[in-house]
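work19.txt, holding compact mmCIF, C-alpha atoms and all ligand atoms:
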```
# COMPACT_ATOMS: atom_id res chain seq x y z
CA MET P 1 108.10 96.01 77.30
CA ASP P 2 111.51 97.62 77.74
CA ARG P 3 113.63 94.49 78.17
CA ASP P 4 116.64 96.33 79.60
CA LYS P 5 114.90 98.48 82.18
CA LYS P 6 112.15 95.87 82.76
CA HIS P 7 109.49 98.55 82.42
CA VAL P 8 106.15 97.92 80.75
CA GLU P 9 103.84 100.46 79.15
CA ILE P 10 100.09 99.78 79.05
CA GLU P 11 97.08 101.67 77.79
CA ALA P 12 93.64 101.91 79.36
CA GLY P 13 91.69 98.82 78.31
CA VAL P 14 94.29 96.30 79.46
CA ALA P 15 92.97 93.94 82.15
CA MET P 16 95.33 93.02 85.00
CA GLY P 17 95.08 89.33 84.08
CA GLU P 18 96.24 90.15 80.55
CA LEU P 19 99.11 92.20 81.97
CA SER P 20 100.10 89.31 84.23
CA ASP P 21 99.96 86.82 81.32
CA PHE P 22 102.01 89.13 79.09
CA LEU P 23 104.69 89.69 81.76
CA LYS P 24 104.90 85.96 82.46
CA LYS P 25 106.35 85.51 78.96
CA HIS P 26 109.17 87.84 80.02
CA LYS P 27 109.57 86.12 83.43
CA ARG P 28 108.28 89.29 85.11
CA SER P 29 105.22 90.07 87.23
CA PHE P 30 103.11 92.99 88.49
CA PRO P 31 101.29 93.18 91.86
CA ILE P 32 97.78 92.70 90.45
CA GLY P 33 94.83 92.41 92.83
CA LEU P 34 92.57 89.53 93.72
CA SER P 35 91.00 89.45 90.26
CA GLY P 36 92.58 89.46 86.81
CA MET P 37 89.40 91.09 85.47
CA THR P 38 90.03 94.59 86.81
CA GLY P 39 91.47 97.23 84.48
CA MET P 40 93.28 100.56 84.70
CA GLY P 41 90.97 101.62 87.56
CA TYR P 42 92.73 99.01 89.77
CA ILE P 43 96.03 100.81 89.33
CA LEU P 44 94.63 104.34 89.52
CA THR P 45 92.76 103.78 92.79
CA GLY P 46 95.87 102.49 94.59
CA GLY P 47 95.94 98.83 93.74
CA ILE P 48 96.18 96.61 96.82
CA SER P 49 97.70 93.28 95.86
CA PRO P 50 98.26 90.16 97.99
CA LEU P 51 101.92 90.94 97.18
CA SER P 52 101.73 94.60 98.28
CA ARG P 53 103.36 93.81 101.63
CA SER P 54 106.60 93.09 99.77
CA LYS P 55 106.13 94.95 96.45
CA GLY P 56 104.12 98.03 97.44
CA LEU P 57 100.87 99.22 95.90
CA ALA P 58 100.17 99.30 92.17
CA ILE P 59 100.55 103.13 92.21
CA ASP P 60 104.05 102.69 93.69
CA GLN P 61 105.08 101.00 90.42
CA ILE P 62 104.07 103.92 88.16
CA ILE P 63 106.99 105.79 86.60
CA GLU P 64 105.21 107.72 83.83
CA ILE P 65 101.61 108.70 83.35
CA LYS P 66 99.88 110.16 80.29
CA GLY P 67 96.37 111.40 79.73
CA PHE P 68 93.99 114.34 79.48
CA TRP P 69 92.85 116.53 82.36
CA GLY P 70 89.12 117.15 82.68
CA ASN P 71 89.71 120.53 80.99
CA GLY P 72 90.90 118.69 77.87
CA LYS P 73 94.62 119.56 78.19
CA GLU P 74 97.02 116.71 77.52
CA PHE P 75 99.67 115.78 80.12
CA HIS P 76 102.67 113.47 80.37
CA LEU P 77 104.24 113.35 83.83
CA LEU P 78 107.32 111.51 85.05
CA ARG P 79 107.95 110.32 88.61
CA PRO P 80 109.03 113.48 90.56
CA SER P 81 112.66 112.47 91.18
CA THR P 82 113.20 112.98 87.45
CA GLN P 83 110.98 116.03 86.97
CA LYS P 84 110.61 119.02 89.30
CA GLY P 85 107.60 121.32 89.45
CA SER P 86 104.63 118.97 89.21
CA ILE P 87 104.87 117.02 92.46
CA PHE P 88 101.33 117.97 93.49
CA GLU P 89 99.91 116.82 90.14
CA TRP P 90 101.89 113.58 90.30
CA LYS P 91 100.72 112.93 93.84
CA ALA P 92 97.11 113.66 92.84
CA LEU P 93 97.24 111.33 89.84
CA CYS P 94 98.72 108.45 91.91
CA GLY P 95 95.58 107.50 93.81
CA ALA P 96 93.03 110.18 92.86
CA ALA P 97 93.39 110.32 89.06
CA ILE P 98 89.83 109.16 88.48
CA PHE P 99 88.58 112.52 89.86
CA LEU P 100 90.83 114.62 87.66
CA GLY P 101 91.19 113.24 84.15
CA ILE P 102 91.32 110.34 81.74
CA ILE P 103 94.50 108.29 81.91
CA THR P 104 95.49 106.85 78.56
CA LYS P 105 98.88 105.24 79.31
CA VAL P 106 101.08 104.33 82.27
CA LYS P 107 104.66 103.07 82.36
CA LEU P 108 105.19 100.61 85.21
CA LYS P 109 108.05 98.93 87.03
CA THR P 110 107.81 95.14 86.92
CA GLN P 111 109.00 92.50 89.40
CA PRO P 112 110.73 89.15 88.94
CA LEU P 113 108.26 86.32 88.35
CA ARG P 114 108.40 83.93 91.30
CA PRO P 115 106.22 80.96 92.27
CA LEU P 116 103.48 81.52 94.83
CA LEU P 117 102.27 79.34 97.68
CA SER P 118 98.50 79.36 98.04
CA TRP P 119 96.73 78.13 101.18
CA THR P 120 92.93 78.02 101.12
CA ALA P 121 90.52 76.70 103.75
CA ASN P 122 87.14 77.12 105.39
CA LEU P 123 87.23 78.49 108.93
CA SER P 124 85.06 79.08 111.97
CA PHE P 125 84.99 82.58 113.51
CA SER P 126 87.42 81.55 116.27
CA GLN P 127 89.77 80.04 113.67
CA LEU P 128 89.57 83.26 111.62
CA SER P 129 90.44 85.21 114.77
CA GLU P 130 93.51 83.00 115.28
CA CYS P 131 94.53 83.25 111.59
CA ILE P 132 94.36 87.07 111.77
CA ASN P 133 96.45 87.01 114.97
CA GLN P 134 99.12 84.88 113.32
CA ALA P 135 99.06 86.92 110.08
CA GLU P 136 99.78 90.12 112.00
CA SER P 137 103.26 88.82 112.77
CA TRP P 138 104.03 87.25 109.38
CA PRO P 139 106.97 88.25 107.17
CA ASN P 140 106.19 90.62 104.28
CA SER P 141 106.23 87.81 101.73
CA LEU P 142 103.00 86.30 103.10
CA SER P 143 99.50 87.83 103.25
CA LEU P 144 96.04 86.74 104.38
CA GLN P 145 92.72 87.49 102.72
CA TRP P 146 89.34 86.24 103.86
CA ILE P 147 85.65 86.48 103.03
CA CYS P 148 82.79 85.96 105.44
CA GLY P 149 79.14 85.38 104.52
CA ASP P 150 77.25 82.08 104.72
CA TYR P 151 80.60 80.61 105.69
CA ILE P 152 84.21 81.79 105.96
CA PHE P 153 86.77 81.16 103.25
CA ALA P 154 90.37 82.27 103.71
CA HIS P 155 93.28 82.49 101.32
CA ALA P 156 96.92 82.98 102.32
CA ILE P 157 99.35 83.84 99.53
CA GLY P 158 103.13 83.74 99.82
CA GLU P 159 105.89 84.55 97.37
CA VAL P 160 108.60 81.88 97.16
CA ILE P 161 111.98 83.62 96.94
CA ASN P 162 114.20 80.55 97.53
CA THR P 163 114.00 77.10 99.10
CA ASP P 164 114.81 78.36 102.62
CA ASN P 165 112.04 80.94 102.46
CA GLU P 166 109.65 78.34 101.02
CA ALA P 167 110.26 76.16 104.09
CA VAL P 168 109.59 79.14 106.39
CA LEU P 169 106.35 79.98 104.56
CA MET P 170 105.20 76.33 104.59
CA ASN P 171 105.84 76.17 108.30
CA LEU P 172 103.69 79.28 108.87
CA LEU P 173 100.91 77.95 106.62
CA GLU P 174 100.94 74.58 108.43
CA LYS P 175 100.32 76.42 111.72
CA LEU P 176 97.06 78.01 110.51
CA PRO P 177 93.90 76.47 111.96
CA TYR P 178 91.05 75.39 109.65
CA SER P 179 87.83 73.43 109.81
CA ARG P 180 87.74 71.82 106.36
CA ASN P 181 88.88 71.86 102.72
CA ARG P 182 92.44 72.93 103.38
CA ILE P 183 94.46 73.03 100.16
CA ILE P 184 98.08 74.10 99.81
CA ASN P 185 99.25 74.63 96.22
CA LYS P 186 102.18 76.14 94.41
CA VAL P 187 101.27 78.21 91.34
CA ASN P 188 103.32 80.09 88.76
CA ASP P 189 101.70 83.52 88.84
CA MET P 190 98.99 85.69 90.40
CA ASN P 191 96.57 85.05 87.57
CA SER P 192 96.55 81.32 88.41
CA LEU P 193 95.34 81.80 92.00
CA PRO P 194 91.81 80.73 93.02
CA ASN P 195 89.20 83.50 93.45
CA LEU P 196 88.35 84.85 96.87
CA SER P 197 84.64 84.14 96.67
CA LEU P 198 81.88 82.26 98.44
CA GLY P 199 80.77 80.66 95.19
CA ASN P 200 77.13 81.80 95.64
CA ASN P 201 77.11 84.01 92.57
CA THR P 202 74.60 81.96 90.57
CA ASN P 203 71.89 84.62 90.79
CA LYS P 204 74.14 87.66 90.79
CA ASN P 205 72.25 89.23 87.85
CA SER P 206 69.16 89.45 90.03
CA ASN P 207 71.08 91.40 92.67
CA HIS P 208 72.52 94.88 92.69
CA SER P 209 75.32 95.84 95.05
CA GLU P 210 77.64 98.50 96.45
CA VAL P 211 81.13 97.99 97.89
CA LEU P 212 82.71 100.07 100.64
CA GLY P 213 86.47 99.69 101.29
CA LEU P 214 87.89 100.50 104.73
CA LEU P 215 91.50 100.74 105.96
CA GLY P 216 93.02 100.42 109.39
CA PRO P 217 95.93 99.21 111.55
CA ALA P 218 96.53 95.75 113.07
CA TRP P 219 93.66 94.53 115.28
CA GLN P 220 95.93 93.04 117.97
CA LYS P 221 94.10 93.16 121.31
CA ASN P 222 90.91 94.36 119.57
CA ASN P 223 90.81 91.12 117.58
CA PRO P 224 88.11 89.26 119.62
CA LYS P 225 85.95 92.40 119.83
CA VAL P 226 86.20 93.04 116.06
CA LEU P 227 85.41 89.41 115.22
CA LYS P 228 82.35 89.51 117.50
CA ILE P 229 81.14 92.71 115.75
CA ILE P 230 81.64 91.11 112.33
CA GLN P 231 79.82 87.93 113.38
CA ASP P 232 76.84 89.97 114.64
CA LEU P 233 76.76 92.04 111.44
CA ILE P 234 76.90 88.93 109.26
CA ASN P 235 74.09 87.32 111.26
CA LYS P 236 71.82 90.28 110.58
CA ARG P 237 72.81 90.99 107.00
CA PRO P 238 69.73 91.87 104.96
CA ASN P 239 70.57 89.70 101.93
CA LYS P 240 72.43 86.37 101.63
CA SER P 241 74.83 87.92 99.12
CA CYS P 242 76.01 90.60 101.58
CA TYR P 243 79.45 89.81 102.95
CA ILE P 244 82.46 91.28 104.75
CA ALA P 245 85.94 90.45 103.45
CA SER P 246 89.46 91.70 104.02
CA GLN P 247 92.92 91.76 102.54
CA GLN P 248 96.21 92.37 104.32
CA LEU P 249 98.68 95.20 103.78
CA GLY P 250 101.68 96.32 105.79
CA GLY P 251 105.36 95.63 105.19
CA ILE P 252 106.69 97.94 102.52
CA THR P 253 103.18 99.24 101.85
CA HIS P 254 104.10 101.30 104.92
CA LEU P 255 106.79 103.17 102.99
CA ASN P 256 105.63 106.70 103.50
CA ASP P 257 105.60 107.64 99.82
CA ARG P 258 104.67 111.30 100.07
CA HIS P 259 104.14 111.44 96.34
CA THR P 260 100.88 109.47 96.24
CA SER P 261 97.30 110.15 97.34
CA PHE P 262 97.15 106.81 99.21
CA ILE P 263 97.66 108.42 102.62
CA HIS P 264 96.79 105.43 104.83
CA ARG P 265 100.26 103.97 104.61
CA GLU P 266 100.05 102.56 108.14
CA ALA P 267 97.10 100.32 107.25
CA ILE P 268 97.40 96.57 107.85
CA TRP P 269 93.87 95.47 106.94
CA LYS P 270 91.53 96.53 104.19
CA PRO P 271 88.14 95.14 105.14
CA TRP P 272 85.49 95.71 102.50
CA VAL P 273 81.75 95.48 102.84
CA ASN P 274 79.66 94.11 99.99
CA GLY P 275 76.04 95.19 100.29
CA ALA P 276 73.60 93.41 97.94
CA TRP P 277 69.85 93.62 97.40
CA GLU P 278 67.27 92.33 94.97
CA ALA P 279 67.57 94.39 91.80
CA TYR P 280 65.08 97.27 91.44
CA ASP P 281 63.69 96.83 94.98
CA GLN P 282 64.17 100.30 96.51
CA SER P 283 63.12 99.36 100.04
CA LYS P 284 65.58 96.45 100.11
CA ARG P 285 68.27 98.73 98.67
CA ILE P 286 67.71 101.20 101.51
CA ARG P 287 67.85 98.40 104.10
CA THR P 288 71.14 97.13 102.68
CA LEU P 289 72.67 100.62 102.52
CA LYS P 290 71.69 101.08 106.19
CA TRP P 291 73.40 97.77 107.04
CA MET P 292 76.51 98.92 105.20
CA GLU P 293 76.54 102.20 107.13
CA GLU P 294 76.04 100.36 110.40
CA THR P 295 78.98 98.11 109.48
CA TRP P 296 81.12 101.15 108.68
CA ASN P 297 80.17 102.88 111.98
CA SER P 298 80.83 99.71 114.00
CA LEU P 299 84.25 99.10 112.44
CA GLU P 300 85.43 102.71 112.23
CA PHE P 301 87.31 102.46 115.56
CA VAL P 302 89.70 99.93 113.97
CA CYS P 303 89.31 101.14 110.36
CA PRO P 304 89.39 104.94 110.32
CA GLY P 305 90.45 105.12 106.66
CA VAL P 306 88.66 104.50 103.39
CA HIS P 307 90.05 102.95 100.21
CA LEU P 308 88.19 104.61 97.35
CA ALA P 309 88.42 101.65 94.97
CA GLN P 310 84.69 102.14 94.43
CA ILE P 311 83.25 105.65 94.38
CA HIS P 312 79.73 106.64 95.40
CA PRO P 313 78.91 110.17 94.18
CA HIS P 314 75.26 109.01 94.03
CA LEU P 315 75.13 108.21 97.78
CA PRO P 316 74.91 110.57 100.78
CA TRP P 317 78.19 109.07 102.12
CA HIS P 318 80.30 110.47 99.30
CA GLN P 319 81.67 113.41 101.31
CA ARG P 320 82.39 111.20 104.34
CA GLU P 321 84.22 108.72 102.11
CA LEU P 322 86.30 111.48 100.50
CA SER P 323 87.26 112.88 103.93
CA SER P 324 88.22 109.45 105.29
CA ALA P 325 90.16 108.57 102.13
CA PHE P 326 92.21 111.76 101.79
CA ASN P 327 92.07 113.58 105.19
CA ASP P 328 94.24 116.73 105.13
CA TRP P 329 95.19 116.15 101.49
CA LEU P 330 91.57 116.64 100.30
CA PRO P 331 91.61 120.50 100.16
CA LYS P 332 94.69 120.45 97.91
CA LEU P 333 93.06 117.81 95.70
CA GLN P 334 89.97 120.00 95.44
CA GLU P 335 92.16 122.97 94.51
CA LEU P 336 93.87 120.91 91.77
CA LYS P 337 90.49 119.77 90.49
CA GLY P 338 89.43 123.44 90.26
CA ILE P 339 92.40 124.02 87.96
CA HIS P 340 92.40 120.83 85.89
CA ASP P 341 88.70 119.89 85.82
CA PRO P 342 86.87 123.17 86.51
CA ARG P 343 83.63 121.99 84.89
CA ASN P 344 83.54 118.79 87.00
CA LEU P 345 83.42 116.45 84.02
CA MET P 346 85.11 113.78 86.13
CA PRO P 347 83.51 112.39 89.36
CA PRO P 348 83.01 115.10 92.04
CA LEU P 349 85.50 115.70 94.87
CA LYS P 350 82.85 117.35 97.08
C1 LIG P 401 86.42 90.99 91.40
C2 LIG P 401 87.13 92.23 91.91
C3 LIG P 401 88.30 92.11 92.64
C4 LIG P 401 88.97 93.24 93.10
N1 LIG P 401 90.12 93.10 93.79
C5 LIG P 401 90.82 94.20 94.18
C6 LIG P 401 92.06 94.06 94.85
O1 LIG P 401 92.56 92.97 95.12
N2 LIG P 401 92.71 95.19 95.21
C7 LIG P 401 92.20 96.44 94.93
O2 LIG P 401 92.86 97.44 95.26
N3 LIG P 401 91.02 96.59 94.32
C8 LIG P 401 90.32 95.51 93.93
N4 LIG P 401 89.12 95.65 93.30
C9 LIG P 401 88.58 96.99 93.12
C10 LIG P 401 88.97 97.52 91.75
O3 LIG P 401 90.35 97.75 91.70
C11 LIG P 401 88.21 98.83 91.50
O4 LIG P 401 86.84 98.55 91.47
C12 LIG P 401 88.64 99.52 90.24
O5 LIG P 401 88.07 100.82 90.22
C13 LIG P 401 88.24 98.77 89.01
O6 LIG P 401 88.72 99.42 87.87
P1 LIG P 401 88.34 98.90 86.41
O7 LIG P 401 89.17 99.69 85.44
O8 LIG P 401 88.40 97.43 86.36
O9 LIG P 401 86.77 99.23 86.31
P2 LIG P 401 85.97 100.41 85.62
O10 LIG P 401 84.56 100.22 86.05
O11 LIG P 401 86.28 100.49 84.17
O12 LIG P 401 86.57 101.69 86.30
C14 LIG P 401 86.25 102.00 87.61
C15 LIG P 401 86.33 103.51 87.74
O13 LIG P 401 87.70 103.90 87.59
C16 LIG P 401 87.80 105.05 86.80
N5 LIG P 401 88.65 104.77 85.64
C17 LIG P 401 88.86 103.57 85.03
N6 LIG P 401 89.75 103.71 84.03
C18 LIG P 401 90.10 105.02 84.00
C19 LIG P 401 90.98 105.78 83.20
N7 LIG P 401 91.68 105.22 82.20
N8 LIG P 401 91.09 107.11 83.44
C20 LIG P 401 90.38 107.69 84.43
N9 LIG P 401 89.53 107.02 85.23
C21 LIG P 401 89.40 105.70 85.02
C22 LIG P 401 86.39 105.49 86.48
O14 LIG P 401 85.99 106.43 87.45
C23 LIG P 401 85.56 104.27 86.65
O15 LIG P 401 84.26 104.60 87.02
C24 LIG P 401 88.43 94.53 92.84
C25 LIG P 401 87.24 94.65 92.11
C26 LIG P 401 86.60 93.52 91.64
C27 LIG P 401 85.33 93.69 90.84
```
Translate this structure into structure tokens?
Amino acid sequence: MDRDKKHVEIEAGVAMGELSDFLKKHKRSFPIGLSGMTGMGYILTGGISPLSRSKGLAIDQIIEIKGFWGNGKEFHLLRPSTQKGSIFEWKALCGAAIFLGIITKVKLKTQPLRPLLSWTANLSFSQLSECINQAESWPNSLSLQWICGDYIFAHAIGEVINTDNEAVLMNLLEKLPYSRNRIINKVNDMNSLPNLSLGNNTNKNSNHSEVLGLLGPAWQKNNPKVLKIIQDLINKRPNKSCYIASQQLGGITHLNDRHTSFIHREAIWKPWVNGAWEAYDQSKRIRTLKWMEETWNSLEFVCPGVHLAQIHPHLPWHQRELSSAFNDWLPKLQELKGIHDPRNLMPPLK
């Protein structure tokens, strides 16, 4: 920790929960995601936090990055405003590093540690529809995440900047509809928030799963149509552990940072699809993958982008995912991979 500049340097192997706990001692924070268990991959794949609407993505906090390209050459890059000549490499590493090399260290900006308001509740589909509607006009300091399977669980998270803003956030949270179990809490840091889960993980070792992350703009007038599609998909999911969830972006996540590979800066929602099947049952695996593809096809009109937090080089969708994640930036990424990882030691970009 550089106490003057408030920068922190971490190596691969540090979990986001550990980073959050460490920074708490210095009264600082980092926009970690919905789980403290994720590691460097969280940062390298973009890093969408419940606080991203006001703090930006995890990649937006990187100021130095060190590692080894796939060809074995060592690199140490600084954010482009302080170093000319390697903008393309910087941009590639901020969001697509996992395809190009092994990252050993990153230096990160940190944020002041502030208390968080946490609202959790169970919802019906029509209440979820209303919550999403309300969330689309919230200030940047508040975000909504939800998960939908056997039932719907939603979690709104707001950063308390001062007492006035706390009153505003409370007022917005009080307006949210719910069916049961509403809890509003104030916690000290991200690592103390409840998990976004349906709590049916008791037999998770007997299931295998894939996760597909989508990105798209506000649903607005499409809201009822999208909710109906999701309800139908949930009703026909092939395994009880399949679910559809979403987290909210927007606000300063929109900052069109041209120096990152996260090109879907306009996105407001990141719905993700969890497809599960009984372990080692190939026919059930195929059924679930079909359901996931159907979900993707049905939601693509509101979610044209992909967030490659999970990569699938072993699946036939890999190329489609790459195209939807990087669009026009993909050919340049492929060119850089040809230079820095010519033997394709890292995951493929084709
Ligand atoms: C419970 C849970 C909650 C999550 N919540 C969020 C969330 O809120 N927001 C969000 O954006 N994502 C979220 N994710 C997705 C998560 O960020 C990605 O799955 C991420 O890739 C995990 O990285 P890892 O280092 O923990 O895992 P690993 O399995 O170690 O790494 C995942 C992949 O990243 C690459 N990788 C990891 N470390 C390095 C490195 N040092 N150098 C090069 N490549 C590397 C590798 O390709 C590896 O296969 C969540 C995942 C889980 C399981």
Ligand LIG 401 (chain P): which residues are within 8 Å, counting all atoms listed in the file? Reply as a VMD selection string.
chain P and resid 11 to 13 15 32 to 50 67 97 to 105 247 307 309 to 311 346 to 347
Name the closest residue to Arg114 of chain P among the candidates P:Ser29, P:Asn235, P:Thr253, P:Ser261; distances are taken between atoms, counting all atoms listed in the file.
P:Ser29
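Here atom CA of Asn165 of chain P is placed at a distance of 29.3 Å from atom CA of Phe125 of chain P.
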Find the distance between atom CA of Ala276 of chain P and atom CA of Asn344 of chain P and write it in Å to one decimal.
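Computed distance, atom CA of Ala276 of chain P to atom CA of Asn344 of chain P, equals 29.4 Å.
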Looking at P:His155, P:Pro112, P:Ser52, P:Ile244, which one is nearest to Ser20 of chain P, with distances taken over all atoms listed in the file?
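Checking each of P:His155, P:Pro112, P:Ser52, P:Ile244 against Ser20 of chain P, counting all atoms listed in the file, the winner is P:Pro112.
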Find the spatial neighbours of Ala135 of chain P, counting all atoms listed in the file, within a cut-off of 12 Å - ignore same-chain residues fewer than 2 positions away - and output them as a PyMOL selection string.
chain P and resi 53+128-133+137-146+154-158+169+172-173+175-177+218-220+223+247-251+268-269
Atoms kept (C-alpha atoms) for selection, written as a CSV table (one decimal), keeping the file's coordinate frame:
```csv
chain,number,residue,atom,x,y,z
P,53,ARG,CA,103.4,93.8,101.6
P,128,LEU,CA,89.6,83.3,111.6
P,129,SER,CA,90.4,85.2,114.8
P,130,GLU,CA,93.5,83.0,115.3
P,131,CYS,CA,94.5,83.2,111.6
P,132,ILE,CA,94.4,87.1,111.8
P,133,ASN,CA,96.4,87.0,115.0
P,137,SER,CA,103.3,88.8,112.8
P,138,TRP,CA,104.0,87.2,109.4
P,139,PRO,CA,107.0,88.2,107.2
P,140,ASN,CA,106.2,90.6,104.3
P,141,SER,CA,106.2,87.8,101.7
P,142,LEU,CA,103.0,86.3,103.1
P,143,SER,CA,99.5,87.8,103.2
P,144,LEU,CA,96.0,86.7,104.4
P,145,GLN,CA,92.7,87.5,102.7
P,146,TRP,CA,89.3,86.2,103.9
P,154,ALA,CA,90.4,82.3,103.7
P,155,HIS,CA,93.3,82.5,101.3
P,156,ALA,CA,96.9,83.0,102.3
P,157,ILE,CA,99.4,83.8,99.5
P,158,GLY,CA,103.1,83.7,99.8
P,169,LEU,CA,106.4,80.0,104.6
P,172,LEU,CA,103.7,79.3,108.9
P,173,LEU,CA,100.9,78.0,106.6
P,175,LYS,CA,100.3,76.4,111.7
P,176,LEU,CA,97.1,78.0,110.5
P,177,PRO,CA,93.9,76.5,112.0
P,218,ALA,CA,96.5,95.8,113.1
P,219,TRP,CA,93.7,94.5,115.3
P,220,GLN,CA,95.9,93.0,118.0
P,223,ASN,CA,90.8,91.1,117.6
P,247,GLN,CA,92.9,91.8,102.5
P,248,GLN,CA,96.2,92.4,104.3
P,249,LEU,CA,98.7,95.2,103.8
P,250,GLY,CA,101.7,96.3,105.8
P,251,GLY,CA,105.4,95.6,105.2
P,268,ILE,CA,97.4,96.6,107.8
P,269,TRP,CA,93.9,95.5,106.9
```
Nearest to Lys270 of chain P: which of P:Ile286, P:Leu233, P:Leu215, P:Leu113 is it, counting only C-alpha atoms?
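With only C-alpha atoms as the atom set, the closest residue is P:Leu215.
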Local residues around (105.9, 108.2, 86.6), at most 8 Å away, using all atoms listed in the file, as a PDB file with C-alpha atoms, keeping the file's coordinate frame:
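The file below, result31.pdb, is the result:
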```pdb
ATOM      1  CA  ILE P  62     104.070 103.920  88.160  1.00  0.00           C
ATOM      2  CA  ILE P  63     106.990 105.790  86.600  1.00  0.00           C
ATOM      3  CA  GLU P  64     105.210 107.720  83.830  1.00  0.00           C
ATOM      4  CA  ILE P  65     101.610 108.700  83.350  1.00  0.00           C
ATOM      5  CA  LEU P  77     104.240 113.350  83.830  1.00  0.00           C
ATOM      6  CA  LEU P  78     107.320 111.510  85.050  1.00  0.00           C
ATOM      7  CA  ARG P  79     107.950 110.320  88.610  1.00  0.00           C
ATOM      8  CA  PRO P  80     109.030 113.480  90.560  1.00  0.00           C
ATOM      9  CA  TRP P  90     101.890 113.580  90.300  1.00  0.00           C
ATOM     10  CA  VAL P 106     101.080 104.330  82.270  1.00  0.00           C
ATOM     11  CA  LYS P 107     104.660 103.070  82.360  1.00  0.00           C
ATOM     12  CA  LEU P 108     105.190 100.610  85.210  1.00  0.00           C
TER      13      LEU P 108
END
```
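From atom CA of Ile147 of chain P back to atom CA of Leu198 of chain P, the distance works out to 7.3 Å.
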For segment 40-56 of chain P, supply N, CA and C atoms and format the output as a short mmCIF file (atom, residue, chain, number, x, y, z; two decimals), in the frame of the given file.
```
data_model
loop_
_atom_site.label_atom_id
_atom_site.label_comp_id
_atom_site.auth_asym_id
_atom_site.auth_seq_id
_atom_site.Cartn_x
_atom_site.Cartn_y
_atom_site.Cartn_z
N MET P 40 92.47 99.41 84.29
CA MET P 40 93.28 100.56 84.70
C MET P 40 92.82 101.15 86.05
N GLY P 41 91.50 101.08 86.31
CA GLY P 41 90.97 101.62 87.56
C GLY P 41 91.64 100.97 88.77
N TYR P 42 92.04 99.69 88.66
CA TYR P 42 92.73 99.01 89.77
C TYR P 42 94.01 99.76 90.12
N ILE P 43 94.76 100.12 89.08
CA ILE P 43 96.03 100.81 89.33
C ILE P 43 95.77 102.23 89.85
N LEU P 44 94.83 102.92 89.21
CA LEU P 44 94.63 104.34 89.52
C LEU P 44 94.08 104.57 90.92
N THR P 45 93.35 103.59 91.46
CA THR P 45 92.76 103.78 92.79
C THR P 45 93.70 103.28 93.90
N GLY P 46 94.91 102.93 93.58
CA GLY P 46 95.87 102.49 94.59
C GLY P 46 96.44 101.15 94.24
N GLY P 47 95.52 100.16 94.15
CA GLY P 47 95.94 98.83 93.74
C GLY P 47 96.56 98.04 94.87
N ILE P 48 95.70 97.43 95.70
CA ILE P 48 96.18 96.61 96.82
C ILE P 48 96.26 95.16 96.37
N SER P 49 97.47 94.65 96.33
CA SER P 49 97.70 93.28 95.86
C SER P 49 98.02 92.38 97.05
N PRO P 50 97.78 91.07 96.94
CA PRO P 50 98.26 90.16 97.99
C PRO P 50 99.80 90.24 98.12
N LEU P 51 100.46 90.79 97.10
CA LEU P 51 101.92 90.94 97.18
C LEU P 51 102.35 92.35 97.60
N SER P 52 101.38 93.21 97.94
CA SER P 52 101.73 94.60 98.28
C SER P 52 102.62 94.71 99.51
N ARG P 53 102.54 93.74 100.41
CA ARG P 53 103.36 93.81 101.63
C ARG P 53 104.85 93.75 101.30
N SER P 54 105.18 93.12 100.16
CA SER P 54 106.60 93.09 99.77
C SER P 54 106.89 93.93 98.53
N LYS P 55 105.87 94.23 97.72
CA LYS P 55 106.13 94.95 96.45
C LYS P 55 105.59 96.38 96.47
N GLY P 56 104.77 96.72 97.44
CA GLY P 56 104.12 98.03 97.44
C GLY P 56 102.81 97.97 96.67
#
```
